[in-house]
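Participant: Input structure: work_29.cif, which contains mmCIF, C-alpha atoms.
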data_entry
#
loop_
_atom_site.group_PDB
_atom_site.id
_atom_site.type_symbol
_atom_site.label_atom_id
_atom_site.label_comp_id
_atom_site.auth_asym_id
_atom_site.auth_seq_id
_atom_site.Cartn_x
_atom_site.Cartn_y
_atom_site.Cartn_z
ATOM 1 C CA MET A 1 82.567 134.100 125.528
ATOM 2 C CA PRO A 2 80.789 133.906 122.134
ATOM 3 C CA SER A 3 77.169 132.790 122.273
ATOM 4 C CA ALA A 4 75.976 129.518 120.766
ATOM 5 C CA GLU A 5 74.278 131.501 117.981
ATOM 6 C CA THR A 6 77.528 133.340 117.185
ATOM 7 C CA ASN A 7 79.421 130.041 117.044
ATOM 8 C CA ALA A 8 76.769 128.569 114.748
ATOM 9 C CA VAL A 9 77.041 131.535 112.366
ATOM 10 C CA ARG A 10 80.830 131.242 112.418
ATOM 11 C CA ASP A 11 80.614 127.523 111.591
ATOM 12 C CA TYR A 12 78.191 128.209 108.738
ATOM 13 C CA LEU A 13 80.565 130.835 107.297
ATOM 14 C CA LYS A 14 83.462 128.379 107.588
ATOM 15 C CA LEU A 15 81.367 125.768 105.802
ATOM 16 C CA HIS A 16 80.632 128.093 102.889
ATOM 17 C CA LEU A 17 84.304 129.041 102.607
ATOM 18 C CA VAL A 18 85.095 125.338 102.268
ATOM 19 C CA ILE A 19 82.354 124.900 99.661
ATOM 20 C CA LEU A 20 83.645 127.920 97.732
ATOM 21 C CA LEU A 21 87.115 126.354 97.642
ATOM 22 C CA TRP A 22 85.686 123.006 96.508
ATOM 23 C CA GLY A 23 83.794 124.807 93.747
ATOM 24 C CA PHE A 24 87.091 126.270 92.554
ATOM 25 C CA THR A 25 88.728 122.823 92.282
ATOM 26 C CA ALA A 26 86.808 122.171 89.051
ATOM 27 C CA VAL A 27 88.444 125.235 87.484
ATOM 28 C CA LEU A 28 91.901 124.104 88.619
ATOM 29 C CA GLY A 29 91.227 120.585 87.302
ATOM 30 C CA ASN A 30 90.300 121.984 83.911
ATOM 31 C CA LEU A 31 93.447 124.130 83.810
ATOM 32 C CA ILE A 32 95.757 121.175 84.534
ATOM 33 C CA ASP A 33 95.992 119.159 81.314
ATOM 34 C CA ILE A 34 96.805 115.661 82.564
ATOM 35 C CA SER A 35 94.507 112.666 83.084
ATOM 36 C CA PRO A 36 92.070 112.760 86.039
ATOM 37 C CA THR A 37 93.799 109.787 87.698
ATOM 38 C CA GLN A 38 97.242 111.380 87.435
ATOM 39 C CA LEU A 39 95.851 114.671 88.720
ATOM 40 C CA VAL A 40 94.288 113.010 91.780
ATOM 41 C CA LEU A 41 97.484 111.018 92.401
ATOM 42 C CA ILE A 42 99.685 114.133 92.437
ATOM 43 C CA ARG A 43 97.123 116.081 94.507
ATOM 44 C CA SER A 44 96.708 113.412 97.175
ATOM 45 C CA LEU A 45 100.371 112.320 97.258
ATOM 46 C CA LEU A 46 101.669 115.867 97.749
ATOM 47 C CA ALA A 47 99.065 116.498 100.460
ATOM 48 C CA THR A 48 100.060 113.254 102.220
ATOM 49 C CA LEU A 49 103.793 114.025 102.119
ATOM 50 C CA LEU A 50 103.284 117.569 103.417
ATOM 51 C CA LEU A 51 101.112 116.364 106.288
ATOM 52 C CA VAL A 52 103.529 113.531 107.186
ATOM 53 C CA ALA A 53 106.346 116.101 107.387
ATOM 54 C CA LEU A 54 104.160 118.351 109.543
ATOM 55 C CA LEU A 55 102.784 115.706 111.916
ATOM 56 C CA ARG A 56 105.706 113.268 112.258
ATOM 57 C CA ARG A 57 105.134 111.119 115.378
ATOM 58 C CA ARG A 58 101.676 112.578 115.950
ATOM 59 C CA ALA A 59 100.574 110.706 112.816
ATOM 60 C CA MET A 60 100.838 107.353 114.636
ATOM 61 C CA ILE A 61 97.374 105.886 115.321
ATOM 62 C CA PRO A 62 95.938 102.377 115.952
ATOM 63 C CA GLY A 63 96.130 100.088 112.911
ATOM 64 C CA ARG A 64 92.376 99.469 112.668
ATOM 65 C CA LEU A 65 91.634 103.203 112.591
ATOM 66 C CA ALA A 66 94.378 103.777 109.997
ATOM 67 C CA VAL A 67 92.845 101.121 107.729
ATOM 68 C CA ALA A 68 89.363 102.659 108.089
ATOM 69 C CA LEU A 69 90.676 106.140 107.220
ATOM 70 C CA ILE A 70 92.697 104.864 104.251
ATOM 71 C CA ALA A 71 89.664 102.945 102.937
ATOM 72 C CA ASN A 72 87.514 106.068 103.210
ATOM 73 C CA GLY A 73 90.266 108.004 101.461
ATOM 74 C CA MET A 74 90.079 105.547 98.564
ATOM 75 C CA LEU A 75 86.379 106.416 98.246
ATOM 76 C CA LEU A 76 87.366 110.083 98.153
ATOM 77 C CA GLY A 77 90.033 109.380 95.543
ATOM 78 C CA LEU A 78 87.538 107.634 93.252
ATOM 79 C CA HIS A 79 85.116 110.535 93.749
ATOM 80 C CA TRP A 80 87.846 112.981 92.691
ATOM 81 C CA VAL A 81 88.761 110.926 89.598
ATOM 82 C CA LEU A 82 85.132 110.863 88.418
ATOM 83 C CA PHE A 83 84.717 114.558 89.314
ATOM 84 C CA PHE A 84 87.674 115.673 87.188
ATOM 85 C CA LEU A 85 86.676 113.231 84.424
ATOM 86 C CA ALA A 86 83.227 114.865 84.263
ATOM 87 C CA VAL A 87 84.869 118.303 84.038
ATOM 88 C CA LYS A 88 87.039 117.187 81.124
ATOM 89 C CA ILE A 89 84.373 115.347 79.088
ATOM 90 C CA ALA A 90 81.591 117.901 79.678
ATOM 91 C CA SER A 91 82.213 121.255 81.370
ATOM 92 C CA VAL A 92 82.699 122.762 84.819
ATOM 93 C CA SER A 93 79.045 123.814 84.986
ATOM 94 C CA ILE A 94 77.569 120.446 83.963
ATOM 95 C CA CYS A 95 79.877 118.624 86.385
ATOM 96 C CA MET A 96 78.838 120.860 89.274
ATOM 97 C CA ILE A 97 75.138 120.291 88.600
ATOM 98 C CA GLY A 98 75.602 116.504 88.724
ATOM 99 C CA VAL A 99 77.477 116.800 92.017
ATOM 100 C CA ALA A 100 74.506 118.730 93.472
ATOM 101 C CA THR A 101 72.576 115.441 93.762
ATOM 102 C CA VAL A 102 74.704 114.584 96.815
ATOM 103 C CA SER A 103 71.948 115.919 99.106
ATOM 104 C CA PHE A 104 69.387 113.502 97.671
ATOM 105 C CA TRP A 105 71.713 110.526 98.116
ATOM 106 C CA THR A 106 72.534 111.651 101.666
ATOM 107 C CA ALA A 107 68.843 111.959 102.593
ATOM 108 C CA LEU A 108 68.286 108.363 101.435
ATOM 109 C CA LEU A 109 71.521 106.606 102.363
ATOM 110 C CA GLU A 110 72.491 108.163 105.711
ATOM 111 C CA PRO A 111 69.457 106.748 107.621
ATOM 112 C CA MET A 112 70.214 103.328 106.067
ATOM 113 C CA LEU A 113 73.880 103.386 107.111
ATOM 114 C CA ASN A 114 73.570 105.206 110.438
ATOM 115 C CA ARG A 115 70.935 104.032 112.921
ATOM 116 C CA LYS A 116 71.235 107.267 114.889
ATOM 117 C CA VAL A 117 69.901 109.263 111.918
ATOM 118 C CA ARG A 118 66.196 108.983 111.123
ATOM 119 C CA LEU A 119 64.702 109.547 107.697
ATOM 120 C CA GLN A 120 63.285 113.083 107.475
ATOM 121 C CA ARG A 121 60.607 113.632 104.858
ATOM 122 C CA VAL A 122 61.540 117.273 104.359
ATOM 123 C CA ASN A 123 65.117 116.280 103.435
ATOM 124 C CA VAL A 124 63.879 113.682 100.955
ATOM 125 C CA VAL A 125 61.504 116.230 99.395
ATOM 126 C CA LEU A 126 64.278 118.805 99.065
ATOM 127 C CA GLY A 127 66.571 116.157 97.638
ATOM 128 C CA LEU A 128 63.910 115.315 95.044
ATOM 129 C CA VAL A 129 63.659 119.021 94.146
ATOM 130 C CA VAL A 130 67.392 118.978 93.428
ATOM 131 C CA ILE A 131 66.992 115.787 91.347
ATOM 132 C CA ALA A 132 64.173 117.461 89.377
ATOM 133 C CA ALA A 133 66.423 120.449 88.745
ATOM 134 C CA VAL A 134 69.204 118.170 87.495
ATOM 135 C CA TYR A 135 66.741 116.321 85.227
ATOM 136 C CA LEU A 136 65.575 119.644 83.795
ATOM 137 C CA ILE A 137 69.159 120.430 82.869
ATOM 138 C CA TYR A 138 69.829 116.861 81.668
ATOM 139 C CA ARG A 139 66.892 116.984 79.243
ATOM 140 C CA SER A 140 67.981 120.262 77.704
ATOM 141 C CA GLU A 141 71.760 119.768 77.485
ATOM 142 C CA THR A 142 71.772 116.541 75.426
ATOM 143 C CA GLU A 143 75.434 116.688 74.364
ATOM 144 C CA PHE A 144 76.542 116.498 78.007
ATOM 145 C CA HIS A 145 74.703 113.304 79.075
ATOM 146 C CA LEU A 146 77.843 111.229 79.738
ATOM 147 C CA GLY A 147 79.513 114.000 81.745
ATOM 148 C CA LEU A 148 76.388 114.464 83.855
ATOM 149 C CA ILE A 149 76.087 110.714 84.558
ATOM 150 C CA VAL A 150 79.744 110.552 85.633
ATOM 151 C CA ALA A 151 79.199 113.600 87.880
ATOM 152 C CA VAL A 152 76.150 111.954 89.526
ATOM 153 C CA LEU A 153 78.246 108.836 90.241
ATOM 154 C CA ALA A 154 80.854 111.153 91.793
ATOM 155 C CA ALA A 155 78.069 112.590 93.971
ATOM 156 C CA VAL A 156 77.106 109.115 95.264
ATOM 157 C CA LEU A 157 80.728 108.487 96.255
ATOM 158 C CA ALA A 158 80.963 111.924 97.920
ATOM 159 C CA CYS A 159 77.831 111.066 99.922
ATOM 160 C CA LEU A 160 79.270 107.731 101.132
ATOM 161 C CA PHE A 161 82.594 109.393 101.982
ATOM 162 C CA SER A 162 80.807 112.033 104.080
ATOM 163 C CA ILE A 163 78.660 109.504 105.927
ATOM 164 C CA PHE A 164 81.674 107.383 106.893
ATOM 165 C CA ASN A 165 83.652 110.518 107.744
ATOM 166 C CA GLY A 166 80.867 111.529 110.113
ATOM 167 C CA ARG A 167 81.538 108.318 112.054
ATOM 168 C CA LEU A 168 85.309 108.822 112.008
ATOM 169 C CA ALA A 169 85.306 112.509 113.005
ATOM 170 C CA GLY A 170 86.607 112.878 116.545
ATOM 171 C CA SER A 171 88.449 109.524 116.480
ATOM 172 C CA THR A 172 91.738 111.440 116.199
ATOM 173 C CA GLY A 173 92.953 114.916 115.204
ATOM 174 C CA GLU A 174 91.511 116.538 112.074
ATOM 175 C CA THR A 175 94.909 116.870 110.376
ATOM 176 C CA VAL A 176 95.711 113.193 111.033
ATOM 177 C CA ILE A 177 92.374 112.153 109.511
ATOM 178 C CA VAL A 178 93.063 114.233 106.401
ATOM 179 C CA MET A 179 96.582 112.769 106.072
ATOM 180 C CA TYR A 180 95.419 109.138 106.116
ATOM 181 C CA GLU A 181 92.534 109.850 103.742
ATOM 182 C CA MET A 182 94.876 111.588 101.307
ATOM 183 C CA ALA A 183 97.128 108.525 101.519
ATOM 184 C CA GLY A 184 94.132 106.321 100.675
ATOM 185 C CA ALA A 185 93.328 108.420 97.610
ATOM 186 C CA ALA A 186 96.959 108.184 96.461
ATOM 187 C CA ILE A 187 97.011 104.387 96.940
ATOM 188 C CA LEU A 188 93.832 104.016 94.860
ATOM 189 C CA CYS A 189 95.382 105.983 91.986
ATOM 190 C CA VAL A 190 98.681 104.075 92.100
ATOM 191 C CA VAL A 191 96.832 100.738 91.978
ATOM 192 C CA GLY A 192 94.561 102.004 89.193
ATOM 193 C CA LEU A 193 97.442 103.254 87.050
ATOM 194 C CA ALA A 194 99.336 99.979 87.624
ATOM 195 C CA ILE A 195 96.569 97.548 86.659
ATOM 196 C CA ALA A 196 94.826 99.636 83.951
ATOM 197 C CA PRO A 197 97.258 98.664 81.136
ATOM 198 C CA LEU A 198 96.766 94.965 82.002
ATOM 199 C CA LEU A 199 93.017 95.432 81.462
ATOM 200 C CA GLY A 200 93.474 97.417 78.255
ATOM 201 C CA ILE A 201 92.292 100.646 79.921
ATOM 202 C CA GLU A 202 94.114 103.953 79.415
ATOM 203 C CA LEU A 203 94.165 106.015 82.612
ATOM 204 C CA ALA A 204 97.375 107.979 81.985
ATOM 205 C CA SER A 205 97.865 110.836 79.529
ATOM 206 C CA ASP A 206 100.846 111.106 77.176
ATOM 207 C CA ARG A 207 102.391 113.769 79.412
ATOM 208 C CA MET A 208 103.176 112.422 82.869
ATOM 209 C CA LEU A 209 104.166 115.649 84.664
ATOM 210 C CA PRO A 210 102.510 119.090 84.801
ATOM 211 C CA THR A 211 104.052 122.191 83.205
ATOM 212 C CA PRO A 212 105.601 124.914 85.444
ATOM 213 C CA VAL A 213 102.361 126.942 85.319
ATOM 214 C CA GLU A 214 100.310 123.834 86.148
ATOM 215 C CA TRP A 215 102.511 123.237 89.214
ATOM 216 C CA ILE A 216 101.308 126.636 90.494
ATOM 217 C CA TYR A 217 97.691 125.527 90.011
ATOM 218 C CA LEU A 218 98.539 122.258 91.786
ATOM 219 C CA ALA A 219 100.052 124.145 94.728
ATOM 220 C CA ILE A 220 96.763 126.048 95.164
ATOM 221 C CA LEU A 221 94.804 122.800 94.770
ATOM 222 C CA VAL A 222 96.890 120.951 97.376
ATOM 223 C CA LEU A 223 97.493 123.640 100.005
ATOM 224 C CA VAL A 224 94.230 125.612 99.888
ATOM 225 C CA CYS A 225 91.536 123.425 98.313
ATOM 226 C CA THR A 226 92.700 120.134 99.852
ATOM 227 C CA ILE A 227 94.688 120.382 103.107
ATOM 228 C CA PHE A 228 93.052 123.546 104.458
ATOM 229 C CA ALA A 229 89.538 122.856 103.130
ATOM 230 C CA TYR A 230 89.372 119.231 104.316
ATOM 231 C CA TRP A 231 90.871 120.103 107.706
ATOM 232 C CA VAL A 232 88.060 122.657 108.289
ATOM 233 C CA TYR A 233 85.474 120.212 106.895
ATOM 234 C CA VAL A 234 86.491 117.393 109.277
ATOM 235 C CA GLU A 235 86.526 119.868 112.179
ATOM 236 C CA LEU A 236 82.974 121.009 111.320
ATOM 237 C CA LEU A 237 81.745 117.383 111.292
ATOM 238 C CA ARG A 238 82.156 117.411 115.084
ATOM 239 C CA ARG A 239 79.311 119.950 115.386
ATOM 240 C CA MET A 240 77.221 119.747 112.196
ATOM 241 C CA SER A 241 75.220 116.870 110.704
ATOM 242 C CA VAL A 242 76.344 115.162 107.501
ATOM 243 C CA PHE A 243 73.086 116.134 105.784
ATOM 244 C CA THR A 244 73.405 119.813 106.740
ATOM 245 C CA ILE A 245 76.946 119.917 105.361
ATOM 246 C CA ASN A 246 76.067 117.988 102.201
ATOM 247 C CA PHE A 247 72.930 120.033 101.589
ATOM 248 C CA ALA A 248 74.817 123.299 101.987
ATOM 249 C CA ASN A 249 77.280 121.746 99.561
ATOM 250 C CA ASN A 250 74.588 122.198 96.890
ATOM 251 C CA MET A 251 75.968 125.732 96.735
ATOM 252 C CA GLU A 252 79.120 124.218 95.227
ATOM 253 C CA PRO A 253 77.472 124.078 91.765
ATOM 254 C CA ILE A 254 76.499 127.745 92.034
ATOM 255 C CA TYR A 255 80.061 128.714 92.920
ATOM 256 C CA GLY A 256 81.500 126.319 90.334
ATOM 257 C CA ILE A 257 79.159 127.541 87.589
ATOM 258 C CA THR A 258 80.129 131.127 88.361
ATOM 259 C CA PHE A 259 83.825 130.263 88.196
ATOM 260 C CA GLY A 260 83.244 128.293 84.978
ATOM 261 C CA ALA A 261 81.510 131.295 83.401
ATOM 262 C CA ILE A 262 84.323 133.640 84.449
ATOM 263 C CA PHE A 263 87.238 131.427 83.376
ATOM 264 C CA PHE A 264 85.838 129.406 80.460
ATOM 265 C CA GLY A 265 82.631 131.102 79.290
ATOM 266 C CA ASP A 266 80.637 127.933 80.077
ATOM 267 C CA LEU A 267 77.288 129.727 80.205
ATOM 268 C CA GLN A 268 77.540 130.727 76.552
ATOM 269 C CA HIS A 269 76.665 127.128 75.660
ATOM 270 C CA VAL A 270 73.635 126.464 77.894
ATOM 271 C CA GLY A 271 69.968 127.312 77.548
ATOM 272 C CA THR A 272 67.213 128.651 79.783
ATOM 273 C CA ALA A 273 66.546 125.212 81.333
ATOM 274 C CA PHE A 274 70.039 125.281 82.806
ATOM 275 C CA TYR A 275 69.322 128.598 84.537
ATOM 276 C CA ALA A 276 65.921 127.333 85.757
ATOM 277 C CA GLY A 277 67.559 124.240 87.274
ATOM 278 C CA ALA A 278 70.279 126.321 88.925
ATOM 279 C CA VAL A 279 67.660 128.629 90.477
ATOM 280 C CA LEU A 280 65.739 125.604 91.834
ATOM 281 C CA ILE A 281 68.890 124.255 93.484
ATOM 282 C CA PHE A 282 69.764 127.660 94.924
ATOM 283 C CA ALA A 283 66.231 128.081 96.369
ATOM 284 C CA ALA A 284 66.277 124.592 97.922
ATOM 285 C CA VAL A 285 69.581 125.321 99.672
ATOM 286 C CA LEU A 286 68.248 128.596 101.070
ATOM 287 C CA VAL A 287 65.056 127.104 102.550
ATOM 288 C CA GLN A 288 66.598 123.891 103.956
ATOM 289 C CA PRO A 289 67.773 125.321 107.336
ATOM 290 C CA TRP A 290 64.375 126.969 107.915
ATOM 291 C CA LEU A 291 62.372 123.871 106.936
ATOM 292 C CA ALA A 292 64.631 121.585 109.016
ATOM 293 C CA LYS A 293 63.777 123.622 112.131
ATOM 294 C CA ARG A 294 60.073 123.902 111.303
ATOM 295 C CA PHE A 295 59.638 120.188 110.426
ATOM 296 C CA PRO A 296 62.266 118.312 112.510
#
Kindly present the structure from the file in structure tokens form.
Facilitator:
Amino acid sequence: MPSAETNAVRDYLKLHLVILLWGFTAVLGNLIDISPTQLVLIRSLLATLLLVALLRRRAMIPGRLAVALIANGMLLGLHWVLFFLAVKIASVSICMIGVATVSFWTALLEPMLNRKVRLQRVNVVLGLVVIAAVYLIYRSETEFHLGLIVAVLAAVLACLFSIFNGRLAGSTGETVIVMYEMAGAAILCVVGLAIAPLLGIELASDRMLPTPVEWIYLAILVLVCTIFAYWVYVELLRRMSVFTINFANNMEPIYGITFGAIFFGDLQHVGTAFYAGAVLIFAAVLVQPWLAKRFP
């Protein structure tokens, strides 16, 4: 049988595969030219329908648990809308840097919302390092302020989603959890698109459906970056802490920035402060596991 250390390494590799896939979602979102709300609706609705067809009767769970999962899925849906909005009004790279603040919010909010988790000073310090790195970038890239603010709000929602998911993990099968949360995200978008015109808000783009090429991007987004990635993520929550997962998720900006540079040439428009901030984030992610063991 594999040793505990081997299993831990395997879980960490799985985690970084998931984070790599999440980093690629920003590229796919930028390639699909419809509104963020429509994009999240199609993504979550297709994922829900596919999982319903796969699970059938196994999808039946107690009503109270279904409501909790759907509500958490609505948090995820709002996070996705803000995430893709930040990509479209700024850039992939700026969006990913804002999302990196999720570790700071987790270090502060998880002990407040979960009595079993105590506040660890080392996590707060590392979270502040990430915040400092984001501020360094924020100060230098003045034309991207709004996109960065939206991305930070998306990070707060991602933090809350992860904390609540940590409580829900193990309540039922991973695939069932993903299905109900995708349904929650879809419901949020349907409600948003329905009431937005009444409030004078425009959430839909002129073109309602993706082009044939964009459907290919959507297939990758739904099958690989959503169903597969979130199934592995929920499974890992059984064995890894929310903070460890969210802190490792600070690598998502590094992956996303790299993808943004390859596909869109994002790094042609940023200065040295951007690189300095990215290096700070990368260093904080690398030392977190070592510091967590040394200063529990």
Participant: So how far away is atom CA of A:Ile137 from atom CA of A:Tyr275, in Å?
Facilitator: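 Computing it gives 8.3 Å between the two atoms.
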Participant: Give me, as a Markdown table, the closest atom pair and its distance (Å, one decimal) for every residue of stretch 10-48 of chain A within a cut-off of 12 Å of stretch 63-86 of chain A, counting all atoms listed in the file, rows sorted by chain and rising number.
Facilitator:
| residue | atom | partner | partner_atom | distance |
| --- | --- | --- | --- | --- |
| A:Trp22 | CA | A:Trp80 | CA | 10.9 |
| A:Gly23 | CA | A:Phe83 | CA | 11.2 |
| A:Phe24 | CA | A:Phe84 | CA | 11.9 |
| A:Thr25 | CA | A:Phe84 | CA | 8.8 |
| A:Ala26 | CA | A:Phe84 | CA | 6.8 |
| A:Val27 | CA | A:Phe84 | CA | 9.6 |
| A:Leu28 | CA | A:Phe84 | CA | 9.5 |
| A:Gly29 | CA | A:Phe84 | CA | 6.1 |
| A:Asn30 | CA | A:Phe84 | CA | 7.6 |
| A:Leu31 | CA | A:Phe84 | CA | 10.8 |
| A:Ile32 | CA | A:Phe84 | CA | 10.1 |
| A:Asp33 | CA | A:Phe84 | CA | 10.8 |
| A:Ile34 | CA | A:Phe84 | CA | 10.2 |
| A:Ser35 | CA | A:Leu85 | CA | 8.0 |
| A:Pro36 | CA | A:Val81 | CA | 5.2 |
| A:Thr37 | CA | A:Val81 | CA | 5.5 |
| A:Gln38 | CA | A:Val81 | CA | 8.8 |
| A:Leu39 | CA | A:Val81 | CA | 8.1 |
| A:Val40 | CA | A:Val81 | CA | 6.3 |
| A:Leu41 | CA | A:Gly77 | CA | 8.3 |
| A:Ile42 | CA | A:Gly77 | CA | 11.2 |
| A:Arg43 | CA | A:Gly77 | CA | 9.8 |
| A:Ser44 | CA | A:Gly77 | CA | 8.0 |
| A:Leu45 | CA | A:Gly77 | CA | 10.9 |
| A:Thr48 | CA | A:Gly73 | CA | 11.1 |
Participant: Kindly give the distance, in Å, that separates atom CA of A:Trp290 and atom CA of A:Ala273, rounded to a single decimal.
Facilitator: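 Spanning atom CA of A:Trp290 to atom CA of A:Ala273 is a straight-line distance of 26.7 Å.
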Participant: Smallest atom-to-atom distance to A:Trp105: which of A:Val117, A:Phe243, A:Leu146, A:Thr226, using all atoms listed in the file?
Facilitator: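 Looking at the shortest contact to A:Trp105, the residue is A:Phe243.
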Participant: Nearest residue to A:Leu148 out of A:Tyr230, A:Phe164, A:Phe259, A:Tyr135, using only C-alpha atoms?
Facilitator: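 Smallest separation from A:Leu148 among the options: A:Tyr135.
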Participant: Please evaluate the PyMOL selection byres ((chain A and resi 97-104) around 8) against the displayed coordinates and give the resulting residues as a PyMOL selection string.
Facilitator: chain A and resi 93-96+105-108+123-124+126-128+130-131+134+148-152+154-156+158-159+243+246-247+249-253+278+281
Participant: Env of A:Val232: 10 Å cut, atoms = all atoms listed in the file, seq-sep filter 5 positions within chain, self excluded. Answer as a VMD selection string.
Facilitator: chain A and resid 11 14 to 15 17 to 18 174 to 175 178 226 to 227 237
Participant: Can those selected residues be exported to a file as a short mmCIF file (atom, residue, chain, number, x, y, z; two decimals), in the coordinates of the input so that it contains C-alpha atoms?
Facilitator:
data_model
loop_
_atom_site.label_atom_id
_atom_site.label_comp_id
_atom_site.auth_asym_id
_atom_site.auth_seq_id
_atom_site.Cartn_x
_atom_site.Cartn_y
_atom_site.Cartn_z
CA ASP A 11 80.61 127.52 111.59
CA LYS A 14 83.46 128.38 107.59
CA LEU A 15 81.37 125.77 105.80
CA LEU A 17 84.30 129.04 102.61
CA VAL A 18 85.10 125.34 102.27
CA GLU A 174 91.51 116.54 112.07
CA THR A 175 94.91 116.87 110.38
CA VAL A 178 93.06 114.23 106.40
CA THR A 226 92.70 120.13 99.85
CA ILE A 227 94.69 120.38 103.11
CA LEU A 237 81.74 117.38 111.29
#
Participant: Report, as lines of an AutoDock Vina configuration file, the centre and edge lengths in Å (one decimal) of the axis-aligned box enclosing every listed atom of stretch 17-31 of chain A, padded by 8 Å on each side.
Facilitator:
center_x = 87.9
center_y = 124.8
center_z = 93.2
size_x = 27.1
size_y = 24.5
size_z = 34.8
Participant: Do you have the atom CA of A:Ile245-atom CA of A:Ala292 distance handy?
Facilitator: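 Distance between the two atoms: 13.0 Å.
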Participant: Taking into account all atoms listed in the file, which residue in the set A:Ala90, A:Ser205, A:Glu5, A:Met182 is nearest to A:Tyr138?
Facilitator: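 Ranked by minimum distance to A:Tyr138, first place goes to A:Ala90.
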Participant: From the list A:Val129, A:Ile163, A:Leu136, A:Ala53, which residue is nearest A:Leu113 when using only C-alpha atoms?
Facilitator: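 That would be A:Ile163, the residue with the smallest distance to A:Leu113.
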